[in-house]
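Enquirer: Structure file input_35.pdb (PDB, C-alpha atoms, pLDDT in the B column) is given on the next line.
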```
ATOM      1  CA  MET A  20      -3.975 -12.527  16.918  1.00 93.00           C
ATOM      2  CA  ILE A  21      -0.324 -11.859  15.982  1.00 97.00           C
ATOM      3  CA  GLN A  22       2.404 -12.089  18.612  1.00 97.00           C
ATOM      4  CA  LEU A  23       6.120 -11.594  18.088  1.00 97.00           C
ATOM      5  CA  ASP A  24       8.211 -12.194  21.189  1.00 97.00           C
ATOM      6  CA  LYS A  25      11.824 -10.990  21.022  1.00 97.00           C
ATOM      7  CA  VAL A  26      12.178 -12.174  17.429  1.00 97.00           C
ATOM      8  CA  THR A  27      15.675 -12.085  15.938  1.00 97.00           C
ATOM      9  CA  LYS A  28      16.672 -13.202  12.456  1.00 97.00           C
ATOM     10  CA  GLN A  29      20.296 -13.496  11.418  1.00 96.00           C
ATOM     11  CA  TYR A  30      21.848 -14.301   8.065  1.00 94.00           C
ATOM     12  CA  GLY A  31      25.370 -15.329   8.975  1.00 93.00           C
ATOM     13  CA  THR A  32      26.857 -12.331  10.749  1.00 94.00           C
ATOM     14  CA  LYS A  33      24.146  -9.942   9.533  1.00 95.00           C
ATOM     15  CA  THR A  34      21.174  -9.282  11.815  1.00 96.00           C
ATOM     16  CA  ALA A  35      18.093  -8.479   9.735  1.00 96.00           C
ATOM     17  CA  VAL A  36      15.645  -8.324  12.659  1.00 96.00           C
ATOM     18  CA  HIS A  37      16.708  -7.691  16.260  1.00 96.00           C
ATOM     19  CA  GLU A  38      14.612  -8.698  19.294  1.00 96.00           C
ATOM     20  CA  MET A  39      11.344  -7.443  17.849  1.00 96.00           C
ATOM     21  CA  SER A  40       8.241  -7.738  20.027  1.00 96.00           C
ATOM     22  CA  LEU A  41       4.765  -6.869  18.745  1.00 95.00           C
ATOM     23  CA  GLU A  42       1.201  -7.786  19.583  1.00 96.00           C
ATOM     24  CA  VAL A  43      -1.613  -7.111  17.107  1.00 97.00           C
ATOM     25  CA  PRO A  44      -5.166  -7.946  18.223  1.00 96.00           C
ATOM     26  CA  ALA A  45      -8.050  -9.174  16.107  1.00 96.00           C
ATOM     27  CA  GLY A  46      -9.779  -6.506  14.032  1.00 96.00           C
ATOM     28  CA  GLU A  47      -6.884  -4.054  13.980  1.00 97.00           C
ATOM     29  CA  LEU A  48      -5.530  -2.478  10.824  1.00 97.00           C
ATOM     30  CA  PHE A  49      -1.855  -2.386  11.716  1.00 98.00           C
ATOM     31  CA  ALA A  50       0.718  -0.674   9.497  1.00 97.00           C
ATOM     32  CA  PHE A  51       4.347  -1.768   9.368  1.00 97.00           C
ATOM     33  CA  LEU A  52       6.691   0.896   8.020  1.00 96.00           C
ATOM     34  CA  GLY A  53      10.403   1.301   7.505  1.00 95.00           C
ATOM     35  CA  PRO A  54      13.055   2.400   5.016  1.00 94.00           C
ATOM     36  CA  ASN A  55      14.390  -0.036   2.434  1.00 91.00           C
ATOM     37  CA  GLY A  56      16.517  -2.645   4.158  1.00 89.00           C
ATOM     38  CA  ALA A  57      14.865  -2.080   7.542  1.00 93.00           C
ATOM     39  CA  GLY A  58      13.831  -5.729   7.968  1.00 93.00           C
ATOM     40  CA  LYS A  59      10.205  -5.476   6.828  1.00 94.00           C
ATOM     41  CA  THR A  60      10.377  -8.222   4.203  1.00 93.00           C
ATOM     42  CA  THR A  61      12.196 -10.598   6.539  1.00 95.00           C
ATOM     43  CA  THR A  62       9.584  -9.983   9.233  1.00 96.00           C
ATOM     44  CA  ILE A  63       6.729 -10.602   6.802  1.00 95.00           C
ATOM     45  CA  LYS A  64       8.316 -13.829   5.594  1.00 94.00           C
ATOM     46  CA  MET A  65       8.612 -14.998   9.186  1.00 95.00           C
ATOM     47  CA  LEU A  66       4.970 -14.075   9.821  1.00 95.00           C
ATOM     48  CA  CYS A  67       3.942 -16.181   6.830  1.00 93.00           C
ATOM     49  CA  GLY A  68       6.052 -19.134   7.961  1.00 91.00           C
ATOM     50  CA  LEU A  69       8.398 -18.856   4.988  1.00 92.00           C
ATOM     51  CA  LEU A  70      11.330 -18.234   7.347  1.00 94.00           C
ATOM     52  CA  PHE A  71      11.916 -19.193  10.972  1.00 95.00           C
ATOM     53  CA  PRO A  72      13.444 -16.764  13.461  1.00 96.00           C
ATOM     54  CA  THR A  73      16.934 -17.409  14.747  1.00 97.00           C
ATOM     55  CA  SER A  74      15.557 -16.792  18.226  1.00 96.00           C
ATOM     56  CA  GLY A  75      12.269 -15.714  19.724  1.00 97.00           C
ATOM     57  CA  SER A  76       8.811 -16.911  18.757  1.00 96.00           C
ATOM     58  CA  ILE A  77       5.908 -15.943  16.498  1.00 97.00           C
ATOM     59  CA  ARG A  78       2.298 -16.928  17.145  1.00 96.00           C
ATOM     60  CA  VAL A  79      -0.730 -16.472  14.913  1.00 96.00           C
ATOM     61  CA  GLY A  80      -4.090 -17.138  16.511  1.00 95.00           C
ATOM     62  CA  GLY A  81      -2.248 -18.714  19.436  1.00 94.00           C
ATOM     63  CA  PHE A  82      -0.371 -21.213  17.245  1.00 96.00           C
ATOM     64  CA  ASP A  83       3.417 -21.141  17.159  1.00 95.00           C
ATOM     65  CA  LEU A  84       4.587 -20.934  13.548  1.00 95.00           C
ATOM     66  CA  ARG A  85       7.566 -23.179  14.239  1.00 93.00           C
ATOM     67  CA  THR A  86       5.827 -25.987  16.119  1.00 93.00           C
ATOM     68  CA  ASP A  87       2.237 -25.690  14.846  1.00 94.00           C
ATOM     69  CA  GLY A  88       2.760 -23.999  11.505  1.00 91.00           C
ATOM     70  CA  GLY A  89       0.018 -25.851   9.652  1.00 91.00           C
ATOM     71  CA  ARG A  90      -2.758 -24.543  11.880  1.00 94.00           C
ATOM     72  CA  ALA A  91      -1.208 -21.070  12.028  1.00 94.00           C
ATOM     73  CA  ARG A  92      -0.956 -20.781   8.232  1.00 92.00           C
ATOM     74  CA  GLN A  93      -4.573 -21.940   7.868  1.00 93.00           C
ATOM     75  CA  LEU A  94      -5.552 -18.622   9.464  1.00 95.00           C
ATOM     76  CA  LEU A  95      -3.385 -16.506   7.155  1.00 95.00           C
ATOM     77  CA  SER A  96      -3.503 -14.950   3.743  1.00 95.00           C
ATOM     78  CA  TYR A  97      -0.617 -13.080   2.161  1.00 94.00           C
ATOM     79  CA  VAL A  98      -0.853 -10.621  -0.728  1.00 93.00           C
ATOM     80  CA  PRO A  99       2.674  -9.857  -2.029  1.00 88.00           C
ATOM     81  CA  ASP A 100       3.765  -6.668  -3.736  1.00 84.00           C
ATOM     82  CA  GLN A 101       3.915  -8.442  -7.099  1.00 83.00           C
ATOM     83  CA  PRO A 102       0.659 -10.350  -7.711  1.00 81.00           C
ATOM     84  CA  TYR A 103       1.473 -13.898  -8.832  1.00 86.00           C
ATOM     85  CA  LEU A 104      -0.945 -16.132 -10.734  1.00 93.00           C
ATOM     86  CA  TYR A 105      -0.604 -19.455 -12.502  1.00 93.00           C
ATOM     87  CA  GLU A 106      -0.799 -18.095 -16.015  1.00 92.00           C
ATOM     88  CA  LYS A 107      -2.109 -21.225 -17.719  1.00 95.00           C
ATOM     89  CA  LEU A 108      -5.150 -21.275 -15.434  1.00 96.00           C
ATOM     90  CA  THR A 109      -8.220 -19.119 -15.822  1.00 97.00           C
ATOM     91  CA  GLY A 110      -9.085 -16.837 -12.941  1.00 96.00           C
ATOM     92  CA  ARG A 111     -11.915 -19.152 -11.913  1.00 97.00           C
ATOM     93  CA  GLU A 112      -9.600 -22.182 -11.945  1.00 97.00           C
ATOM     94  CA  PHE A 113      -7.053 -20.278  -9.864  1.00 96.00           C
ATOM     95  CA  LEU A 114      -9.638 -19.310  -7.237  1.00 96.00           C
ATOM     96  CA  GLN A 115     -10.922 -22.888  -7.073  1.00 96.00           C
ATOM     97  CA  PHE A 116      -7.347 -24.142  -6.715  1.00 95.00           C
ATOM     98  CA  ILE A 117      -6.822 -21.835  -3.726  1.00 95.00           C
ATOM     99  CA  ALA A 118     -10.110 -22.969  -2.152  1.00 96.00           C
ATOM    100  CA  ASP A 119      -9.032 -26.592  -2.562  1.00 95.00           C
ATOM    101  CA  MET A 120      -5.598 -25.862  -1.091  1.00 93.00           C
ATOM    102  CA  TYR A 121      -7.221 -24.488   2.063  1.00 93.00           C
ATOM    103  CA  GLY A 122      -9.374 -27.589   2.378  1.00 93.00           C
ATOM    104  CA  LEU A 123     -12.770 -26.057   1.641  1.00 94.00           C
ATOM    105  CA  SER A 124     -15.366 -28.644   0.683  1.00 95.00           C
ATOM    106  CA  ARG A 125     -16.316 -28.718  -2.977  1.00 92.00           C
ATOM    107  CA  ASP A 126     -19.700 -27.057  -2.454  1.00 95.00           C
ATOM    108  CA  HIS A 127     -18.394 -24.504   0.043  1.00 96.00           C
ATOM    109  CA  GLY A 128     -15.422 -23.755  -2.203  1.00 94.00           C
ATOM    110  CA  ARG A 129     -17.601 -23.150  -5.238  1.00 95.00           C
ATOM    111  CA  ARG A 130     -19.874 -20.906  -3.217  1.00 96.00           C
ATOM    112  CA  ARG A 131     -16.952 -18.879  -1.876  1.00 96.00           C
ATOM    113  CA  VAL A 132     -15.426 -18.587  -5.371  1.00 96.00           C
ATOM    114  CA  ALA A 133     -18.727 -17.301  -6.746  1.00 96.00           C
ATOM    115  CA  GLU A 134     -18.969 -14.773  -3.908  1.00 95.00           C
ATOM    116  CA  ALA A 135     -15.391 -13.585  -4.530  1.00 94.00           C
ATOM    117  CA  ILE A 136     -16.044 -13.169  -8.252  1.00 95.00           C
ATOM    118  CA  GLU A 137     -19.058 -10.996  -7.479  1.00 93.00           C
ATOM    119  CA  GLN A 138     -17.359  -9.031  -4.685  1.00 90.00           C
ATOM    120  CA  PHE A 139     -14.344  -8.116  -6.827  1.00 90.00           C
ATOM    121  CA  ARG A 140     -16.311  -7.754 -10.073  1.00 91.00           C
ATOM    122  CA  LEU A 141     -14.237 -10.333 -11.911  1.00 94.00           C
ATOM    123  CA  GLY A 142     -17.026 -11.666 -14.114  1.00 94.00           C
ATOM    124  CA  GLU A 143     -15.913 -10.020 -17.353  1.00 94.00           C
ATOM    125  CA  PHE A 144     -12.578 -11.844 -17.432  1.00 96.00           C
ATOM    126  CA  ILE A 145     -12.722 -14.637 -14.854  1.00 96.00           C
ATOM    127  CA  ASP A 146     -12.794 -17.386 -17.506  1.00 97.00           C
ATOM    128  CA  ASP A 147      -9.843 -15.966 -19.479  1.00 97.00           C
ATOM    129  CA  LEU A 148      -6.320 -17.263 -18.936  1.00 97.00           C
ATOM    130  CA  THR A 149      -4.627 -15.131 -16.300  1.00 96.00           C
ATOM    131  CA  GLU A 150      -1.631 -14.585 -18.593  1.00 95.00           C
ATOM    132  CA  ARG A 151      -3.833 -12.033 -20.393  1.00 94.00           C
ATOM    133  CA  TYR A 152      -4.667 -10.033 -17.281  1.00 94.00           C
ATOM    134  CA  SER A 153      -3.592  -6.437 -16.735  1.00 91.00           C
ATOM    135  CA  HIS A 154      -1.913  -5.468 -13.466  1.00 87.00           C
ATOM    136  CA  GLY A 155      -5.193  -4.237 -12.015  1.00 87.00           C
ATOM    137  CA  MET A 156      -7.007  -7.431 -13.009  1.00 91.00           C
ATOM    138  CA  ARG A 157      -4.224  -9.497 -11.443  1.00 92.00           C
ATOM    139  CA  GLN A 158      -4.384  -7.490  -8.221  1.00 89.00           C
ATOM    140  CA  ARG A 159      -8.128  -7.939  -7.925  1.00 90.00           C
ATOM    141  CA  THR A 160      -7.841 -11.677  -8.574  1.00 94.00           C
ATOM    142  CA  VAL A 161      -5.053 -12.085  -6.024  1.00 94.00           C
ATOM    143  CA  PHE A 162      -7.096 -10.262  -3.372  1.00 93.00           C
ATOM    144  CA  ALA A 163     -10.090 -12.438  -4.198  1.00 94.00           C
ATOM    145  CA  SER A 164      -7.941 -15.543  -3.764  1.00 95.00           C
ATOM    146  CA  ALA A 165      -6.550 -14.224  -0.472  1.00 95.00           C
ATOM    147  CA  LEU A 166     -10.036 -13.847   0.975  1.00 95.00           C
ATOM    148  CA  VAL A 167     -11.719 -16.909  -0.467  1.00 95.00           C
ATOM    149  CA  HIS A 168     -11.121 -18.969   2.710  1.00 95.00           C
ATOM    150  CA  GLU A 169     -12.092 -16.070   5.011  1.00 94.00           C
ATOM    151  CA  PRO A 170      -8.749 -15.673   6.805  1.00 95.00           C
ATOM    152  CA  LYS A 171      -8.390 -14.313  10.316  1.00 96.00           C
ATOM    153  CA  VAL A 172      -5.145 -12.522   9.392  1.00 97.00           C
ATOM    154  CA  LEU A 173      -4.500 -10.697   6.102  1.00 97.00           C
ATOM    155  CA  ILE A 174      -0.887  -9.687   5.412  1.00 97.00           C
ATOM    156  CA  VAL A 175      -0.564  -7.152   2.598  1.00 95.00           C
ATOM    157  CA  ASP A 176       2.718  -5.900   1.130  1.00 93.00           C
ATOM    158  CA  GLU A 177       2.697  -2.693  -0.979  1.00 89.00           C
ATOM    159  CA  PRO A 178      -0.824  -3.226  -2.346  1.00 87.00           C
ATOM    160  CA  THR A 179      -1.196   0.145  -4.112  1.00 84.00           C
ATOM    161  CA  VAL A 180       1.736  -0.271  -6.540  1.00 80.00           C
ATOM    162  CA  GLY A 181       0.541   0.237 -10.115  1.00 76.00           C
ATOM    163  CA  LEU A 182      -3.082   0.936  -9.219  1.00 79.00           C
ATOM    164  CA  ASP A 183      -5.071   3.892 -10.526  1.00 82.00           C
ATOM    165  CA  PRO A 184      -6.772   6.284  -8.062  1.00 87.00           C
ATOM    166  CA  ARG A 185     -10.168   4.561  -8.263  1.00 85.00           C
ATOM    167  CA  SER A 186      -8.594   1.163  -7.586  1.00 84.00           C
ATOM    168  CA  VAL A 187      -6.631   2.598  -4.665  1.00 87.00           C
ATOM    169  CA  ARG A 188      -9.867   3.960  -3.162  1.00 90.00           C
ATOM    170  CA  GLN A 189     -11.552   0.583  -3.576  1.00 88.00           C
ATOM    171  CA  LEU A 190      -8.577  -1.143  -1.996  1.00 89.00           C
ATOM    172  CA  LYS A 191      -8.602   1.193   1.010  1.00 92.00           C
ATOM    173  CA  ASP A 192     -12.322   0.564   1.496  1.00 93.00           C
ATOM    174  CA  LEU A 193     -11.713  -3.191   1.266  1.00 92.00           C
ATOM    175  CA  LEU A 194      -8.957  -3.189   3.897  1.00 94.00           C
ATOM    176  CA  ARG A 195     -11.057  -1.067   6.249  1.00 95.00           C
ATOM    177  CA  ARG A 196     -14.052  -3.384   5.840  1.00 94.00           C
ATOM    178  CA  GLN A 197     -11.893  -6.416   6.564  1.00 95.00           C
ATOM    179  CA  ALA A 198     -10.602  -4.915   9.800  1.00 96.00           C
ATOM    180  CA  ASP A 199     -14.052  -3.702  10.834  1.00 96.00           C
ATOM    181  CA  GLY A 200     -15.305  -7.260  10.249  1.00 95.00           C
ATOM    182  CA  GLY A 201     -12.775  -8.684  12.714  1.00 95.00           C
ATOM    183  CA  THR A 202      -9.887  -9.597  10.409  1.00 96.00           C
ATOM    184  CA  THR A 203      -6.412  -8.544  11.519  1.00 97.00           C
ATOM    185  CA  VAL A 204      -4.849  -6.583   8.645  1.00 97.00           C
ATOM    186  CA  PHE A 205      -1.052  -6.300   8.673  1.00 97.00           C
ATOM    187  CA  LEU A 206      -0.155  -3.693   6.058  1.00 96.00           C
ATOM    188  CA  SER A 207       3.341  -2.885   4.824  1.00 95.00           C
ATOM    189  CA  SER A 208       3.491   0.147   2.562  1.00 91.00           C
ATOM    190  CA  HIS A 209       5.578   3.126   1.492  1.00 90.00           C
ATOM    191  CA  SER A 210       2.344   5.026   0.734  1.00 91.00           C
ATOM    192  CA  LEU A 211       2.291   7.039   3.946  1.00 94.00           C
ATOM    193  CA  ASP A 212      -0.872   8.944   3.030  1.00 93.00           C
ATOM    194  CA  VAL A 213      -2.735   5.633   2.727  1.00 93.00           C
ATOM    195  CA  VAL A 214      -1.339   4.470   6.068  1.00 95.00           C
ATOM    196  CA  GLN A 215      -2.216   7.745   7.788  1.00 95.00           C
ATOM    197  CA  GLU A 216      -5.796   7.472   6.561  1.00 95.00           C
ATOM    198  CA  LEU A 217      -6.332   3.800   7.418  1.00 95.00           C
ATOM    199  CA  ALA A 218      -4.136   2.520  10.220  1.00 96.00           C
ATOM    200  CA  ASP A 219      -5.314   2.068  13.792  1.00 97.00           C
ATOM    201  CA  ARG A 220      -1.700   1.721  14.918  1.00 97.00           C
ATOM    202  CA  ILE A 221       1.635   2.059  13.173  1.00 98.00           C
ATOM    203  CA  ALA A 222       4.978   0.389  13.780  1.00 97.00           C
ATOM    204  CA  ILE A 223       8.172   1.913  12.414  1.00 97.00           C
ATOM    205  CA  VAL A 224      11.284  -0.210  12.067  1.00 96.00           C
ATOM    206  CA  ASP A 225      14.824   0.675  11.073  1.00 96.00           C
ATOM    207  CA  HIS A 226      17.940  -1.502  10.879  1.00 94.00           C
ATOM    208  CA  GLY A 227      15.896  -4.448  12.100  1.00 94.00           C
ATOM    209  CA  ARG A 228      14.735  -2.719  15.293  1.00 95.00           C
ATOM    210  CA  LEU A 229      11.333  -1.479  16.327  1.00 96.00           C
ATOM    211  CA  ILE A 230      11.829   2.241  16.929  1.00 95.00           C
ATOM    212  CA  GLY A 231       8.228   3.339  17.373  1.00 95.00           C
ATOM    213  CA  CYS A 232       4.759   1.852  17.740  1.00 96.00           C
ATOM    214  CA  GLY A 233       1.377   3.370  18.468  1.00 96.00           C
ATOM    215  CA  ASP A 234      -1.287   5.562  16.957  1.00 96.00           C
ATOM    216  CA  LEU A 235      -0.254   8.683  15.074  1.00 96.00           C
ATOM    217  CA  GLU A 236      -0.553  10.915  18.135  1.00 96.00           C
ATOM    218  CA  THR A 237       1.732   8.610  20.116  1.00 96.00           C
ATOM    219  CA  LEU A 238       4.317   8.678  17.332  1.00 96.00           C
ATOM    220  CA  ARG A 239       4.067  12.459  17.053  1.00 96.00           C
ATOM    221  CA  THR A 240       4.829  12.726  20.753  1.00 95.00           C
ATOM    222  CA  GLN A 241       7.750  10.321  20.455  1.00 94.00           C
ATOM    223  CA  ALA A 242       9.200  12.207  17.496  1.00 94.00           C
ATOM    224  CA  ALA A 243       8.414  15.641  18.971  1.00 94.00           C
ATOM    225  CA  VAL A 244       6.802  16.533  15.640  1.00 93.00           C
ATOM    226  CA  ASP A 245       3.271  17.906  15.277  1.00 93.00           C
ATOM    227  CA  GLY A 246       2.865  17.059  11.631  1.00 93.00           C
ATOM    228  CA  SER A 247       1.960  14.411   9.093  1.00 95.00           C
ATOM    229  CA  LEU A 248       2.968  10.769   9.252  1.00 96.00           C
ATOM    230  CA  GLU A 249       5.577  11.523   6.591  1.00 96.00           C
ATOM    231  CA  GLU A 250       7.221  14.120   8.842  1.00 96.00           C
ATOM    232  CA  VAL A 251       7.085  11.772  11.824  1.00 96.00           C
ATOM    233  CA  PHE A 252       8.528   8.906   9.804  1.00 95.00           C
ATOM    234  CA  LEU A 253      11.404  11.003   8.481  1.00 95.00           C
ATOM    235  CA  LYS A 254      12.218  12.285  11.959  1.00 95.00           C
ATOM    236  CA  LEU A 255      12.180   8.857  13.607  1.00 95.00           C
ATOM    237  CA  THR A 256      14.297   7.257  10.891  1.00 93.00           C
ATOM    238  CA  GLU A 257      17.018   9.895  10.923  1.00 87.00           C
ATOM    239  CA  PRO A 258      20.253   8.023  11.753  1.00 72.00           C
ATOM    240  CA  GLU A 259      20.783   9.782  15.077  1.00 63.00           C
ATOM    241  CA  ALA A 260      17.142   9.468  16.124  1.00 54.00           C
ATOM    242  CA  ALA A 261      16.943   5.783  15.209  1.00 48.00           C
ATOM    243  CA  GLU A 262      20.042   5.051  17.288  1.00 55.00           C
ATOM    244  CA  ASP A 263      18.627   6.960  20.278  1.00 56.00           C
ATOM    245  CA  PHE A 264      15.248   5.240  20.117  1.00 52.00           C
ATOM    246  CA  ALA A 265      16.847   1.810  19.693  1.00 53.00           C
ATOM    247  CA  ALA A 266      19.018   2.421  22.749  1.00 56.00           C
ATOM    248  CA  ALA A 267      15.888   3.347  24.717  1.00 55.00           C
ATOM    249  CA  LYS A 268      14.290  -0.007  23.688  1.00 52.00           C
ATOM    250  CA  PRO A 269      10.715   1.198  23.077  1.00 47.00           C
ATOM    251  CA  GLN A 270       9.651  -2.407  22.405  1.00 47.00           C
ATOM    252  CA  ALA A 271       7.030  -2.257  25.122  1.00 42.00           C
ATOM    253  CA  ASN A 272       4.963   0.088  22.930  1.00 48.00           C
ATOM    254  CA  GLY A 273       4.430  -2.805  20.558  1.00 55.00           C
ATOM    255  CA  GLN A 274       2.561  -4.700  23.252  1.00 50.00           C
ATOM    256  CA  GLU A 275      -0.145  -2.091  23.741  1.00 48.00           C
ATOM    257  CA  ALA A 276      -3.510  -2.719  22.130  1.00 43.00           C
ATOM    258  CA  PRO A 277      -5.389   0.327  20.828  1.00 44.00           C
ATOM    259  CA  ARG A 278      -7.542   2.157  23.297  1.00 38.00           C
TER     260      ARG A 278
END
```
Would it be possible to restate this file's structure as structure tokens?
Expert:
Amino acid sequence: MIQLDKVTKQYGTKTAVHEMSLEVPAGELFAFLGPNGAGKTTTIKMLCGLLFPTSGSIRVGGFDLRTDGGRARQLLSYVPDQPYLYEKLTGREFLQFIADMYGLSRDHGRRRVAEAIEQFRLGEFIDDLTERYSHGMRQRTVFASALVHEPKVLIVDEPTVGLDPRSVRQLKDLLRRQADGGTTVFLSSHSLDVVQELADRIAIVDHGRLIGCGDLETLRTQAAVDGSLEEVFLKLTEPEAAEDFAAAKPQANGQEAPR
């Protein structure tokens, strides 16, 4: 469902992403981890079609984001780390706006909006202006809007920021249900306990390079650490280790679908 083939992104003389290759099939909950400045945000922006790679190609659902971006983006939803709403719209108006933007018919759009309101329990505040919403209310509304057109790929960036424990549990259940229902979930997060609990496979990037990709057991073997994801992550992103793994070019691991 998602394919990155030797993707490089440069800003002048700075290389933010270097020859990254990944393949993520339908129905996988795939985590994308890395230290600050590792190239995660640039990669996500390229996946969403907000940036084009300097070289290499990105496909979503078989559509190249550079040459067939309209059809590729129709399959996507993106939930950023800071939930953004049009504050002079009510929640209902915002959801209907998103349905219209994705080309849903009026009747289908209204039906999907009603289903999203029920699914995310937005009824108590859905007709209030979104400028009055708390962070949790905003997050729920943004997730509802992301799913209103039933995307094939859901890209989520730091979704647990500012959420209370109950909301985090509900979010984890939601992401798992989406993947189990066939949606590809591409999750970027610093919450390693959440990733360890949820992810089918995990990619770790550092300095723009893919330095590890696989399930937790595969990464433990690569890092020679029999511990938690946090311990594995810290070992693989040590400066010396990252340089060694980059030199070994473990990009092929990113091509393997889960067994």
Enquirer: Excluding same-chain residues fewer than 5 positions from region 25-40 of chain A, what lies within 7 Å of it counting only C-alpha atoms, as a VMD selection string?
Expert: chain A and resid 58 72 to 76 227 to 229 270 273
Enquirer: At what distance in Å, to one decimal, does CA of Phe205 (chain A) lie from CA of Thr60 (chain A)?
Expert: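 Atom-to-atom, CA of Thr60 (chain A) and CA of Phe205 (chain A) are spaced 12.4 Å apart.
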Enquirer: With all atoms listed in the file as the atoms that count, which of A:Glu134, A:Asp146, A:Asp225, A:Asp183 lies nearest to Gly110 (chain A)?
Expert: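 Smallest distance to Gly110 (chain A) is found for A:Asp146.
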Enquirer: Please, what distance in Å, to one decimal, runs between CA of Arg111 (chain A) and CA of Glu169 (chain A)?
Expert: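 Between these atoms lies a distance of 17.2 Å.
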Enquirer: Mind listing as an MDAnalysis selection string all residues within 12 Å of (-4.4, -15.2, -1.3), counting only C-alpha atoms?
Expert: chainID A and resid 67 92:99 102:104 113:118 120:121 135 157:170 172:176
Enquirer: Could you tell me how far CA of Gly46 (chain A) sits from CA of Ala198 (chain A), in Å to one decimal place?
Expert: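 Separation between CA of Ala198 (chain A) and CA of Gly46 (chain A): 4.6 Å.
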Enquirer: Can you work out which one of A:Leu23, A:Gly89, A:Leu48, A:Pro258 has the shortest atom-to-atom distance to Ile221 (chain A), counting only C-alpha atoms?
Expert: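 Going through A:Leu23, A:Gly89, A:Leu48, A:Pro258 one by one, the smallest distance to Ile221 (chain A) is for A:Leu48.
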Enquirer: Near Glu47 (chain A), within 7 Å and counting all atoms listed in the file, which residues show up once chain neighbours fewer than 3 positions away are dropped, as a ChimeraX atom specification?
Expert: /A:43-44,198,203-204,219
Enquirer: Go through A:Val213, A:Met65, A:Val79, A:Ala45 one by one, measure the shortest atom-to-atom distance of each to Gln22 (chain A) using only C-alpha atoms, and give the residue with the smallest value.
Expert: A:Val79
Enquirer: Can you work out which one of A:Leu41, A:Arg129, A:Gly53, A:Tyr105 has the shortest atom-to-atom distance to Ile223 (chain A), counting only C-alpha atoms?
Expert: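 Among the listed residues, A:Gly53 lies closest to Ile223 (chain A).
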